[in-house]
file final01.csv (CSV, C-alpha atoms)
chain,number,residue,atom,x,y,z
A,8,MET,CA,-4.0,-24.9,-21.5
A,9,PHE,CA,-1.1,-26.3,-23.5
A,10,ASP,CA,-3.6,-28.1,-25.6
A,11,ASN,CA,-1.8,-31.4,-24.7
A,12,HIS,CA,1.2,-30.1,-26.6
A,13,PHE,CA,4.5,-29.1,-25.0
A,14,PRO,CA,7.7,-27.6,-26.5
A,15,VAL,CA,10.4,-30.1,-27.2
A,16,ASP,CA,14.1,-29.6,-28.2
A,17,VAL,CA,16.4,-32.3,-29.6
A,18,TYR,CA,20.1,-32.1,-29.2
A,19,GLU,CA,23.0,-34.5,-29.8
A,20,ASP,CA,26.7,-34.9,-29.0
A,21,LYS,CA,28.9,-37.7,-30.1
A,22,ASP,CA,27.7,-40.1,-27.4
A,23,ASN,CA,24.0,-39.4,-27.0
A,24,THR,CA,20.9,-37.9,-28.4
A,25,TYR,CA,19.0,-35.7,-25.9
A,26,VAL,CA,15.3,-34.8,-25.9
A,27,ARG,CA,14.3,-31.9,-23.5
A,28,ALA,CA,10.6,-31.3,-22.9
A,29,GLU,CA,9.1,-28.4,-21.1
A,30,LEU,CA,6.6,-29.9,-18.7
A,31,PRO,CA,6.2,-27.6,-15.7
A,32,GLY,CA,4.3,-28.9,-12.7
A,33,VAL,CA,3.7,-32.5,-13.7
A,34,ASN,CA,3.7,-35.4,-11.3
A,35,ARG,CA,6.9,-37.3,-11.5
A,36,GLU,CA,5.1,-40.6,-10.8
A,37,ASP,CA,2.9,-40.0,-13.8
A,38,VAL,CA,5.6,-39.3,-16.3
A,39,LYS,CA,5.9,-42.2,-18.7
A,40,VAL,CA,8.7,-42.3,-21.3
A,41,GLU,CA,8.6,-45.1,-23.9
A,42,MET,CA,10.6,-46.0,-27.0
A,43,VAL,CA,8.6,-47.7,-29.8
A,44,ASP,CA,9.7,-48.1,-33.4
A,45,GLY,CA,12.1,-45.1,-33.5
A,46,TYR,CA,9.7,-42.8,-31.7
A,47,LEU,CA,10.1,-41.6,-28.2
A,48,THR,CA,6.7,-41.1,-26.5
A,49,ILE,CA,6.3,-38.9,-23.5
A,50,ASN,CA,3.2,-39.0,-21.4
A,51,ALA,CA,2.6,-36.8,-18.4
A,52,SER,CA,-0.2,-35.4,-16.4
A,53,ARG,CA,-0.7,-32.5,-14.1
A,54,LYS,CA,-3.2,-32.2,-11.3
A,55,ASN,CA,-4.2,-28.8,-10.0
A,56,PRO,CA,-4.9,-29.3,-6.3
A,57,ALA,CA,-8.5,-28.6,-5.3
A,58,GLY,CA,-8.7,-25.0,-4.3
A,59,GLU,CA,-11.4,-23.1,-2.6
A,60,GLY,CA,-14.6,-23.7,-4.3
A,61,GLN,CA,-13.3,-25.9,-7.1
A,62,GLY,CA,-12.5,-29.5,-7.5
A,63,GLU,CA,-9.2,-31.0,-8.6
A,64,GLU,CA,-8.4,-30.4,-12.3
A,65,SER,CA,-6.4,-32.9,-14.3
A,66,PHE,CA,-4.5,-32.2,-17.6
A,67,SER,CA,-2.7,-34.8,-19.6
A,68,PHE,CA,0.0,-34.4,-22.2
A,69,SER,CA,1.2,-36.8,-24.8
A,70,ARG,CA,3.7,-36.4,-27.6
A,71,ALA,CA,5.8,-38.7,-29.8
A,72,VAL,CA,9.1,-37.4,-31.0
A,73,SER,CA,11.0,-39.3,-33.7
A,74,VAL,CA,14.6,-40.1,-32.7
A,75,PRO,CA,17.5,-41.4,-34.8
A,76,GLU,CA,17.6,-45.1,-35.4
A,77,ASN,CA,20.9,-45.8,-33.6
A,78,VAL,CA,19.7,-45.8,-30.0
A,79,GLN,CA,20.7,-48.2,-27.3
A,80,THR,CA,17.1,-48.6,-26.1
A,81,ASP,CA,18.0,-50.4,-22.9
A,82,LYS,CA,20.2,-47.6,-21.8
A,83,VAL,CA,17.8,-44.7,-22.2
A,84,GLY,CA,17.5,-42.5,-19.1
A,85,ALA,CA,15.4,-39.6,-18.0
A,86,ALA,CA,15.5,-36.9,-15.4
A,87,TYR,CA,13.0,-34.2,-14.4
A,88,GLU,CA,14.2,-31.0,-12.9
A,89,ASN,CA,12.7,-27.5,-12.5
A,90,GLY,CA,9.9,-28.4,-14.8
A,91,VAL,CA,12.0,-29.8,-17.6
A,92,LEU,CA,12.2,-33.5,-18.6
A,93,THR,CA,15.5,-34.5,-20.2
A,94,VAL,CA,15.7,-37.9,-21.9
A,95,THR,CA,19.2,-39.2,-22.7
A,96,LEU,CA,19.4,-41.7,-25.5
A,97,PRO,CA,22.8,-43.2,-25.8
A,98,LYS,CA,24.0,-43.9,-29.4
A,99,GLN,CA,24.9,-47.3,-30.5
A,100,GLU,CA,28.6,-47.9,-30.9
A,101,GLU,CA,28.6,-48.2,-34.7
A,102,ALA,CA,27.2,-44.8,-35.0
A,103,LYS,CA,29.9,-43.0,-33.2
A,104,PRO,CA,32.6,-41.7,-35.5
A,105,LYS,CA,35.5,-44.1,-35.2
A,106,LYS,CA,39.0,-43.1,-35.9
A,107,VAL,CA,40.9,-45.9,-37.6
A,108,ALA,CA,44.6,-45.5,-37.7
A,109,VAL,CA,46.1,-46.5,-41.0
A,110,THR,CA,49.7,-47.2,-41.2
A,111,VAL,CA,51.4,-46.2,-44.4
A,112,LYS,CA,54.1,-48.4,-45.6
B,22,MET,CA,-15.6,5.1,-15.9
B,23,SER,CA,-18.7,3.1,-15.0
B,24,LEU,CA,-19.2,1.8,-11.5
B,25,ILE,CA,-19.0,-1.8,-12.8
B,26,GLN,CA,-15.5,-1.3,-14.1
B,27,ASN,CA,-14.4,0.1,-10.7
B,28,LEU,CA,-15.7,-2.9,-8.8
B,29,VAL,CA,-14.4,-5.5,-11.0
B,30,PRO,CA,-10.7,-5.0,-11.8
B,31,ILE,CA,-9.4,-6.6,-14.9
B,32,PHE,CA,-6.0,-8.2,-15.3
B,33,THR,CA,-4.7,-6.6,-18.4
B,34,ARG,CA,-1.4,-7.1,-20.0
B,35,SER,CA,1.1,-4.4,-20.9
B,36,LEU,CA,3.4,-4.8,-23.9
B,37,ALA,CA,6.7,-3.2,-23.2
B,38,PRO,CA,8.9,-3.6,-20.1
B,39,ARG,CA,9.0,-0.5,-17.9
B,40,ASN,CA,12.1,1.6,-17.3
B,41,GLY,CA,14.3,0.2,-14.5
B,42,SER,CA,13.2,-3.4,-15.0
B,43,ARG,CA,16.0,-5.8,-14.6
B,44,ILE,CA,15.6,-7.0,-18.2
B,45,ALA,CA,16.6,-4.1,-20.4
B,46,GLY,CA,14.0,-2.8,-22.8
B,47,ASN,CA,15.8,-4.1,-25.9
B,48,GLU,CA,16.3,-7.7,-24.8
B,49,PRO,CA,13.6,-9.9,-26.3
B,50,THR,CA,11.5,-11.7,-23.8
B,51,VAL,CA,8.9,-14.4,-24.0
B,52,ARG,CA,5.5,-14.2,-22.3
B,53,PRO,CA,4.9,-17.3,-20.2
B,54,LEU,CA,1.7,-19.2,-20.1
B,55,TYR,CA,-0.4,-18.5,-17.0
B,56,ASP,CA,-3.9,-18.7,-15.6
B,57,VAL,CA,-5.8,-16.7,-13.0
B,58,LYS,CA,-8.6,-18.0,-10.8
B,59,GLU,CA,-10.7,-16.0,-8.5
B,60,THR,CA,-12.4,-16.7,-5.2
B,61,GLU,CA,-14.1,-14.3,-2.8
B,62,GLU,CA,-10.9,-13.7,-0.8
B,63,ALA,CA,-8.1,-13.8,-3.3
B,64,TRP,CA,-6.9,-14.4,-6.8
B,65,GLY,CA,-4.8,-17.4,-7.5
B,66,LEU,CA,-2.2,-17.0,-10.2
B,67,GLN,CA,-0.3,-19.8,-11.8
B,68,VAL,CA,2.6,-19.0,-14.1
B,69,PHE,CA,4.4,-21.7,-16.1
B,70,LEU,CA,8.1,-21.1,-16.0
B,71,PRO,CA,9.9,-24.3,-17.0
B,72,GLY,CA,13.6,-24.2,-16.3
B,73,VAL,CA,13.5,-21.3,-13.9
B,74,VAL,CA,14.8,-21.6,-10.3
B,75,ARG,CA,14.4,-19.2,-7.3
B,76,GLU,CA,17.7,-17.5,-8.1
B,77,GLY,CA,16.6,-16.6,-11.6
B,78,LEU,CA,13.2,-15.4,-10.6
B,79,GLU,CA,12.3,-11.8,-9.9
B,80,PHE,CA,8.8,-10.9,-8.7
B,81,THR,CA,7.9,-7.3,-8.0
B,82,ALA,CA,4.6,-5.7,-7.0
B,83,GLY,CA,4.0,-2.0,-7.1
B,84,GLU,CA,2.4,0.9,-8.9
B,85,GLY,CA,-0.7,-1.2,-9.5
B,86,GLN,CA,1.0,-4.0,-11.4
B,87,LEU,CA,2.8,-7.2,-10.9
B,88,THR,CA,6.0,-8.0,-12.8
B,89,ILE,CA,7.4,-11.5,-13.0
B,90,GLN,CA,10.7,-12.1,-14.7
B,91,GLY,CA,12.5,-15.4,-15.0
B,92,ARG,CA,15.7,-16.5,-16.5
B,93,ARG,CA,16.2,-20.0,-17.6
B,94,GLU,CA,19.1,-21.5,-15.7
B,95,TRP,CA,20.1,-24.2,-18.1
B,96,LYS,CA,22.5,-23.7,-21.0
B,97,ALA,CA,23.3,-26.4,-23.5
B,98,PRO,CA,26.7,-27.9,-22.7
B,99,ALA,CA,29.5,-27.1,-25.2
B,100,GLY,CA,29.5,-30.4,-27.0
B,101,TRP,CA,25.8,-30.4,-27.8
B,102,THR,CA,24.4,-29.6,-31.3
B,103,ALA,CA,20.8,-28.6,-31.5
B,104,LEU,CA,18.9,-30.8,-34.1
B,105,TYR,CA,15.5,-29.3,-33.5
B,106,ARG,CA,14.3,-26.5,-31.2
B,107,GLU,CA,10.9,-25.4,-30.2
B,108,SER,CA,11.6,-23.6,-26.9
B,109,ALA,CA,13.2,-20.2,-26.7
B,110,ASP,CA,16.3,-19.1,-24.8
B,111,ALA,CA,14.8,-15.7,-24.1
B,112,PRO,CA,13.9,-14.9,-20.5
B,113,TYR,CA,10.3,-14.9,-19.4
B,114,GLU,CA,8.5,-11.7,-18.6
B,115,LEU,CA,4.9,-11.2,-17.5
B,116,VAL,CA,3.3,-7.9,-16.4
B,117,LEU,CA,-0.2,-7.9,-15.0
B,118,GLN,CA,-2.1,-4.7,-14.1
B,119,HIS,CA,-4.3,-5.0,-11.0
B,120,ASP,CA,-5.2,-1.3,-10.3
B,121,ASN,CA,-4.6,-1.6,-6.6
B,122,SER,CA,-7.1,-4.3,-5.8
B,123,VAL,CA,-4.5,-6.6,-4.3
B,124,GLU,CA,-3.1,-6.4,-0.8
B,125,VAL,CA,0.5,-6.4,-1.8
B,126,GLU,CA,2.0,-7.1,1.6
B,127,LYS,CA,0.0,-10.3,1.9
B,128,ILE,CA,1.0,-11.8,-1.4
B,129,HIS,CA,2.3,-15.3,-1.0
B,130,ALA,CA,4.3,-17.1,-3.8
B,131,GLU,CA,5.9,-20.5,-4.3
B,132,LEU,CA,8.0,-21.8,-7.1
B,133,LYS,CA,8.1,-25.6,-7.6
B,134,ASP,CA,8.9,-27.7,-10.7
B,135,GLY,CA,8.8,-24.7,-12.9
B,136,VAL,CA,5.4,-23.5,-11.8
B,137,LEU,CA,5.0,-20.3,-9.8
B,138,ARG,CA,1.9,-20.3,-7.7
B,139,VAL,CA,0.9,-17.0,-6.3
B,140,SER,CA,-1.9,-16.1,-3.9
B,141,LEU,CA,-3.1,-12.5,-4.3
B,142,PRO,CA,-5.4,-11.5,-1.4
B,143,LYS,CA,-7.9,-9.0,-2.4
B,144,ALA,CA,-7.9,-5.6,-0.9
B,145,GLU,CA,-10.8,-5.0,1.5
B,146,ALA,CA,-12.4,-2.5,-0.7
B,147,VAL,CA,-12.8,-5.1,-3.5
B,148,LYS,CA,-14.1,-8.0,-1.5
B,149,PRO,CA,-17.8,-8.7,-1.9
B,150,ARG,CA,-19.7,-7.1,0.9
B,151,LYS,CA,-23.1,-7.9,2.1
B,152,ILE,CA,-25.4,-4.9,2.2
B,153,SER,CA,-28.1,-5.1,4.8
B,154,VAL,CA,-31.5,-3.9,3.8
B,155,ASN,CA,-33.9,-2.3,6.2
call {"tool": "encode", "arguments": {"input": "final01.csv", "output": "structure tokens"}}
result
Amino acid sequence: MFDNHFPVDVYEDKDNTYVRAELPGVNREDVKVEMVDGYLTINASRKNPAGEGQGEESFSFSRAVSVPENVQTDKVGAAYENGVLTVTLPKQEEAKPKKVAVTVK
Amino acid sequence: MSLIQNLVPIFTRSLAPRNGSRIAGNEPTVRPLYDVKETEEAWGLQVFLPGVVREGLEFTAGEGQLTIQGRREWKAPAGWTALYRESADAPYELVLQHDNSVEVEKIHAELKDGVLRVSLPKAEAVKPRKISVN
């Protein structure tokens, strides 16, 4: 029904980039989030339980979202709540604006 | 109206919110994705409402229609800047006409992971009935 496409929002603050994906009703165990070459790939599937007179239906979703280069890939985390998957991508230290105090003689 | 139309009710969609709905007439709303399946005993309705929890959901049945309204609970924290948006912040609203073919008292609904699954038992008059032939 979604045509394998789901809405995605990208936000950032000074520490992280965030990707929120609207994926209602998917199975947590089937959600796969991968980082490859500057792309975040989200794969998920939903199974409709077999109802009266019909078998189980299965839908799968896949989408790659480009993310900024400066991600600490080993610290990426994801949480799924109320049908929304939020992926948190911490920025690498060099990318955070650094304040350098300069003394003036 | 033809006999066929009376026996087979259609789920139609109305465009504007009715007076007295919790979401005021001039607030923009978004229609959620949904699907309807039918069996002999009931209709099964599935409405996709990502980001909605029980406290933000209002489901009313009356006057021959079902109204589902949902407010997304999450708001972006203050420090966040949106780089790219596809979803909307507007509340969800779905109105379905059923011209009294549903047993309203027996409606059963469940909200889990942003999906509202509703079982709408058919009114007796609408269930297929065997007619014996002499």
call {"tool": "atom_distance", "arguments": {"input": "final01.csv", "atom1": "CA of His129 in chain B", "atom2": "CA of Glu36 in chain A"}}
result
27.3 Å
call {"tool": "closest_residue", "arguments": {"input": "final01.csv", "among": "A:Phe13, A:Tyr87, A:Phe66, A:Tyr18", "to": "chain B", "atoms": "all atoms listed in the file"}}
result
A:Tyr18
call {"tool": "atom_distance", "arguments": {"input": "final01.csv", "atom1": "CA of Thr88 in chain B", "atom2": "CA of Pro14 in chain A"}}
result
24.0 Å
call {"tool": "closest_atom_pairs", "arguments": {"input": "final01.csv", "of": "chain B", "to": "chain A", "cutoff": "10 Å", "atoms": "only C-alpha atoms", "output": "CSV"}}
result
residue,atom,partner,partner_atom,distance
B:Leu54,CA,A:Met8,CA,8.2
B:Tyr55,CA,A:Met8,CA,8.6
B:Asp56,CA,A:Met8,CA,8.6
B:Lys58,CA,A:Gly58,CA,9.6
B:Glu59,CA,A:Glu59,CA,9.3
B:Thr60,CA,A:Glu59,CA,7.0
B:Glu61,CA,A:Glu59,CA,9.2
B:Glu62,CA,A:Glu59,CA,9.6
B:Ala63,CA,A:Glu59,CA,9.9
B:Gly65,CA,A:Gly58,CA,9.1
B:Gln67,CA,A:Asn55,CA,10.0
B:Val68,CA,A:Pro31,CA,9.5
B:Phe69,CA,A:Pro31,CA,6.2
B:Leu70,CA,A:Pro31,CA,6.8
B:Pro71,CA,A:Gly90,CA,4.7
B:Gly72,CA,A:Asn89,CA,5.1
B:Val73,CA,A:Asn89,CA,6.4
B:Val74,CA,A:Asn89,CA,6.6
B:Arg75,CA,A:Asn89,CA,9.9
B:Arg93,CA,A:Asn89,CA,9.7
B:Glu94,CA,A:Asn89,CA,9.3
B:Trp95,CA,A:Asn89,CA,9.8
B:Ala97,CA,A:Tyr18,CA,8.7
B:Pro98,CA,A:Asp20,CA,9.4
B:Ala99,CA,A:Asp20,CA,9.1
B:Gly100,CA,A:Asp20,CA,5.7
B:Trp101,CA,A:Asp20,CA,4.7
B:Thr102,CA,A:Glu19,CA,5.3
B:Ala103,CA,A:Tyr18,CA,4.2
B:Leu104,CA,A:Tyr18,CA,5.2
B:Tyr105,CA,A:Val17,CA,5.0
B:Arg106,CA,A:Asp16,CA,4.3
B:Glu107,CA,A:Pro14,CA,5.4
B:Ser108,CA,A:Pro14,CA,5.6
B:Ala109,CA,A:Pro14,CA,9.2
B:Leu132,CA,A:Asn89,CA,9.2
B:Lys133,CA,A:Asn89,CA,7.0
B:Asp134,CA,A:Asn89,CA,4.2
B:Gly135,CA,A:Gly90,CA,4.3
B:Val136,CA,A:Gly32,CA,5.6
B:Leu137,CA,A:Gly32,CA,9.1
call {"tool": "atom_distance", "arguments": {"input": "final01.csv", "atom1": "CA of Pro53 in chain B", "atom2": "CA of Gln90 in chain B"}}
result
9.5 Å
call {"tool": "closest_residue", "arguments": {"input": "final01.csv", "among": "A:Lys98, A:Lys112, A:His12, A:Lys82", "to": "Ser52 in chain A", "atoms": "only C-alpha atoms"}}
result
A:His12
call {"tool": "closest_residue", "arguments": {"input": "final01.csv", "among": "A:Ile49, A:Asp81, A:Val40, A:Val111", "to": "Ser67 in chain A", "atoms": "all atoms listed in the file"}}
result
A:Ile49
call {"tool": "residues_around", "arguments": {"input": "final01.csv", "residues": "Pro112 in chain B", "least_positions_apart": "6", "cutoff": "7 Å", "atoms": "all atoms listed in the file", "output": "list in words"}}
result
Thr50, Val51, Gly91, Arg92 and Arg93 of chain B
call {"tool": "residues_around", "arguments": {"input": "final01.csv", "residues": "Val72 in chain A", "least_positions_apart": "3", "cutoff": "8 Å", "atoms": "all atoms listed in the file", "output": "PyMOL selection string"}}
result
chain A and resi 46-48
call {"tool": "closest_residue", "arguments": {"input": "final01.csv", "among": "B:Asn121, B:Trp64, B:Val139, B:Pro149", "to": "Ile89 in chain B", "atoms": "all atoms listed in the file"}}
result
B:Val139
call {"tool": "decode", "arguments": {"input": "final01.csv", "residues": "chain A", "atoms": "C-alpha atoms", "output": "PDB file, in the first residue's frame"}}
result
ATOM      1  CA  MET A   8       0.000   0.000   0.000  1.00  0.00           C
ATOM      2  CA  PHE A   9       2.870   2.334   0.675  1.00  0.00           C
ATOM      3  CA  ASP A  10       4.386   1.111  -2.564  1.00  0.00           C
ATOM      4  CA  ASN A  11       7.502   0.168  -0.583  1.00  0.00           C
ATOM      5  CA  HIS A  12       8.062   3.830   0.171  1.00  0.00           C
ATOM      6  CA  PHE A  13       7.608   5.471   3.541  1.00  0.00           C
ATOM      7  CA  PRO A  14       7.945   9.103   4.642  1.00  0.00           C
ATOM      8  CA  VAL A  15      11.294  10.089   6.090  1.00  0.00           C
ATOM      9  CA  ASP A  16      12.373  13.241   7.932  1.00  0.00           C
ATOM     10  CA  VAL A  17      15.971  14.274   8.596  1.00  0.00           C
ATOM     11  CA  TYR A  18      16.897  16.575  11.474  1.00  0.00           C
ATOM     12  CA  GLU A  19      20.109  17.607  13.143  1.00  0.00           C
ATOM     13  CA  ASP A  20      21.350  19.256  16.277  1.00  0.00           C
ATOM     14  CA  LYS A  21      24.915  20.016  17.189  1.00  0.00           C
ATOM     15  CA  ASP A  22      25.669  16.473  18.320  1.00  0.00           C
ATOM     16  CA  ASN A  23      23.690  14.192  16.042  1.00  0.00           C
ATOM     17  CA  THR A  24      21.887  13.754  12.782  1.00  0.00           C
ATOM     18  CA  TYR A  25      18.467  12.114  13.194  1.00  0.00           C
ATOM     19  CA  VAL A  26      16.455  10.180  10.651  1.00  0.00           C
ATOM     20  CA  ARG A  27      12.793   9.518  11.480  1.00  0.00           C
ATOM     21  CA  ALA A  28      10.851   7.051   9.352  1.00  0.00           C
ATOM     22  CA  GLU A  29       7.099   6.477   9.546  1.00  0.00           C
ATOM     23  CA  LEU A  30       6.744   2.691   9.598  1.00  0.00           C
ATOM     24  CA  PRO A  31       3.537   1.762  11.393  1.00  0.00           C
ATOM     25  CA  GLY A  32       2.945  -1.868  12.264  1.00  0.00           C
ATOM     26  CA  VAL A  33       6.267  -3.382  11.186  1.00  0.00           C
ATOM     27  CA  ASN A  34       7.947  -6.224  13.051  1.00  0.00           C
ATOM     28  CA  ARG A  35      10.782  -5.011  15.235  1.00  0.00           C
ATOM     29  CA  GLU A  36      12.826  -8.131  14.577  1.00  0.00           C
ATOM     30  CA  ASP A  37      12.635  -7.520  10.839  1.00  0.00           C
ATOM     31  CA  VAL A  38      13.804  -3.908  10.900  1.00  0.00           C
ATOM     32  CA  LYS A  39      17.335  -3.671   9.506  1.00  0.00           C
ATOM     33  CA  VAL A  40      19.271  -0.445   9.528  1.00  0.00           C
ATOM     34  CA  GLU A  41      22.605  -0.321   7.716  1.00  0.00           C
ATOM     35  CA  MET A  42      25.167   2.360   6.948  1.00  0.00           C
ATOM     36  CA  VAL A  43      26.966   1.980   3.651  1.00  0.00           C
ATOM     37  CA  ASP A  44      28.967   4.638   1.817  1.00  0.00           C
ATOM     38  CA  GLY A  45      27.222   7.653   3.260  1.00  0.00           C
ATOM     39  CA  TYR A  46      23.759   6.117   2.843  1.00  0.00           C
ATOM     40  CA  LEU A  47      21.527   4.894   5.602  1.00  0.00           C
ATOM     41  CA  THR A  48      19.454   1.966   4.385  1.00  0.00           C
ATOM     42  CA  ILE A  49      16.292   1.026   6.217  1.00  0.00           C
ATOM     43  CA  ASN A  50      14.581  -2.284   5.513  1.00  0.00           C
ATOM     44  CA  ALA A  51      11.398  -3.387   7.228  1.00  0.00           C
ATOM     45  CA  SER A  52       8.526  -5.752   6.685  1.00  0.00           C
ATOM     46  CA  ARG A  53       4.990  -5.985   7.888  1.00  0.00           C
ATOM     47  CA  LYS A  54       2.968  -9.144   8.088  1.00  0.00           C
ATOM     48  CA  ASN A  55      -0.791  -8.909   8.280  1.00  0.00           C
ATOM     49  CA  PRO A  56      -1.952 -11.787  10.450  1.00  0.00           C
ATOM     50  CA  ALA A  57      -4.063 -14.350   8.675  1.00  0.00           C
ATOM     51  CA  GLY A  58      -7.650 -13.300   9.050  1.00  0.00           C
ATOM     52  CA  GLU A  59     -10.838 -15.186   8.376  1.00  0.00           C
ATOM     53  CA  GLY A  60     -10.769 -16.501   4.887  1.00  0.00           C
ATOM     54  CA  GLN A  61      -7.417 -15.035   3.914  1.00  0.00           C
ATOM     55  CA  GLY A  62      -3.823 -16.038   4.360  1.00  0.00           C
ATOM     56  CA  GLU A  63      -1.019 -14.036   5.853  1.00  0.00           C
ATOM     57  CA  GLU A  64       0.040 -11.055   3.756  1.00  0.00           C
ATOM     58  CA  SER A  65       3.550  -9.712   3.749  1.00  0.00           C
ATOM     59  CA  PHE A  66       4.768  -6.270   2.697  1.00  0.00           C
ATOM     60  CA  SER A  67       8.345  -5.150   2.614  1.00  0.00           C
ATOM     61  CA  PHE A  68       9.808  -1.653   2.583  1.00  0.00           C
ATOM     62  CA  SER A  69      13.242  -0.480   1.696  1.00  0.00           C
ATOM     63  CA  ARG A  70      14.705   2.973   1.398  1.00  0.00           C
ATOM     64  CA  ALA A  71      18.157   4.524   1.332  1.00  0.00           C
ATOM     65  CA  VAL A  72      18.621   8.015   2.718  1.00  0.00           C
ATOM     66  CA  SER A  73      21.815   9.939   2.181  1.00  0.00           C
ATOM     67  CA  VAL A  74      23.351  11.203   5.391  1.00  0.00           C
ATOM     68  CA  PRO A  75      26.136  13.685   5.956  1.00  0.00           C
ATOM     69  CA  GLU A  76      29.665  12.283   5.765  1.00  0.00           C
ATOM     70  CA  ASN A  77      30.686  13.002   9.334  1.00  0.00           C
ATOM     71  CA  VAL A  78      28.944  10.112  11.096  1.00  0.00           C
ATOM     72  CA  GLN A  79      30.504   7.998  13.831  1.00  0.00           C
ATOM     73  CA  THR A  80      29.227   4.834  12.209  1.00  0.00           C
ATOM     74  CA  ASP A  81      29.955   2.589  15.161  1.00  0.00           C
ATOM     75  CA  LYS A  82      27.777   4.682  17.453  1.00  0.00           C
ATOM     76  CA  VAL A  83      24.611   4.765  15.348  1.00  0.00           C
ATOM     77  CA  GLY A  84      21.517   3.784  17.318  1.00  0.00           C
ATOM     78  CA  ALA A  85      17.868   3.224  16.474  1.00  0.00           C
ATOM     79  CA  ALA A  86      14.590   3.062  18.394  1.00  0.00           C
ATOM     80  CA  TYR A  87      11.095   2.098  17.247  1.00  0.00           C
ATOM     81  CA  GLU A  88       8.125   3.612  19.044  1.00  0.00           C
ATOM     82  CA  ASN A  89       4.466   4.089  18.129  1.00  0.00           C
ATOM     83  CA  GLY A  90       5.160   3.168  14.545  1.00  0.00           C
ATOM     84  CA  VAL A  91       8.053   5.588  14.063  1.00  0.00           C
ATOM     85  CA  LEU A  92      11.676   4.475  13.695  1.00  0.00           C
ATOM     86  CA  THR A  93      14.223   7.063  14.863  1.00  0.00           C
ATOM     87  CA  VAL A  94      17.862   6.529  13.880  1.00  0.00           C
ATOM     88  CA  THR A  95      20.408   8.642  15.761  1.00  0.00           C
ATOM     89  CA  LEU A  96      23.706   9.241  13.969  1.00  0.00           C
ATOM     90  CA  PRO A  97      26.302  10.895  16.198  1.00  0.00           C
ATOM     91  CA  LYS A  98      28.501  13.436  14.460  1.00  0.00           C
ATOM     92  CA  GLN A  99      32.214  13.054  14.449  1.00  0.00           C
ATOM     93  CA  GLU A 100      34.086  15.339  16.762  1.00  0.00           C
ATOM     94  CA  GLU A 101      35.698  17.454  14.045  1.00  0.00           C
ATOM     95  CA  ALA A 102      32.336  18.417  12.641  1.00  0.00           C
ATOM     96  CA  LYS A 103      31.032  19.927  15.830  1.00  0.00           C
ATOM     97  CA  PRO A 104      31.602  23.648  15.941  1.00  0.00           C
ATOM     98  CA  LYS A 105      34.500  24.169  18.283  1.00  0.00           C
ATOM     99  CA  LYS A 106      35.073  27.260  20.204  1.00  0.00           C
ATOM    100  CA  VAL A 107      38.694  28.218  20.394  1.00  0.00           C
ATOM    101  CA  ALA A 108      39.599  30.822  22.922  1.00  0.00           C
ATOM    102  CA  VAL A 109      42.130  33.263  21.597  1.00  0.00           C
ATOM    103  CA  THR A 110      44.012  35.393  23.997  1.00  0.00           C
ATOM    104  CA  VAL A 111      44.811  38.852  22.801  1.00  0.00           C
ATOM    105  CA  LYS A 112      48.088  40.234  23.862  1.00  0.00           C
TER     106      LYS A 112
END
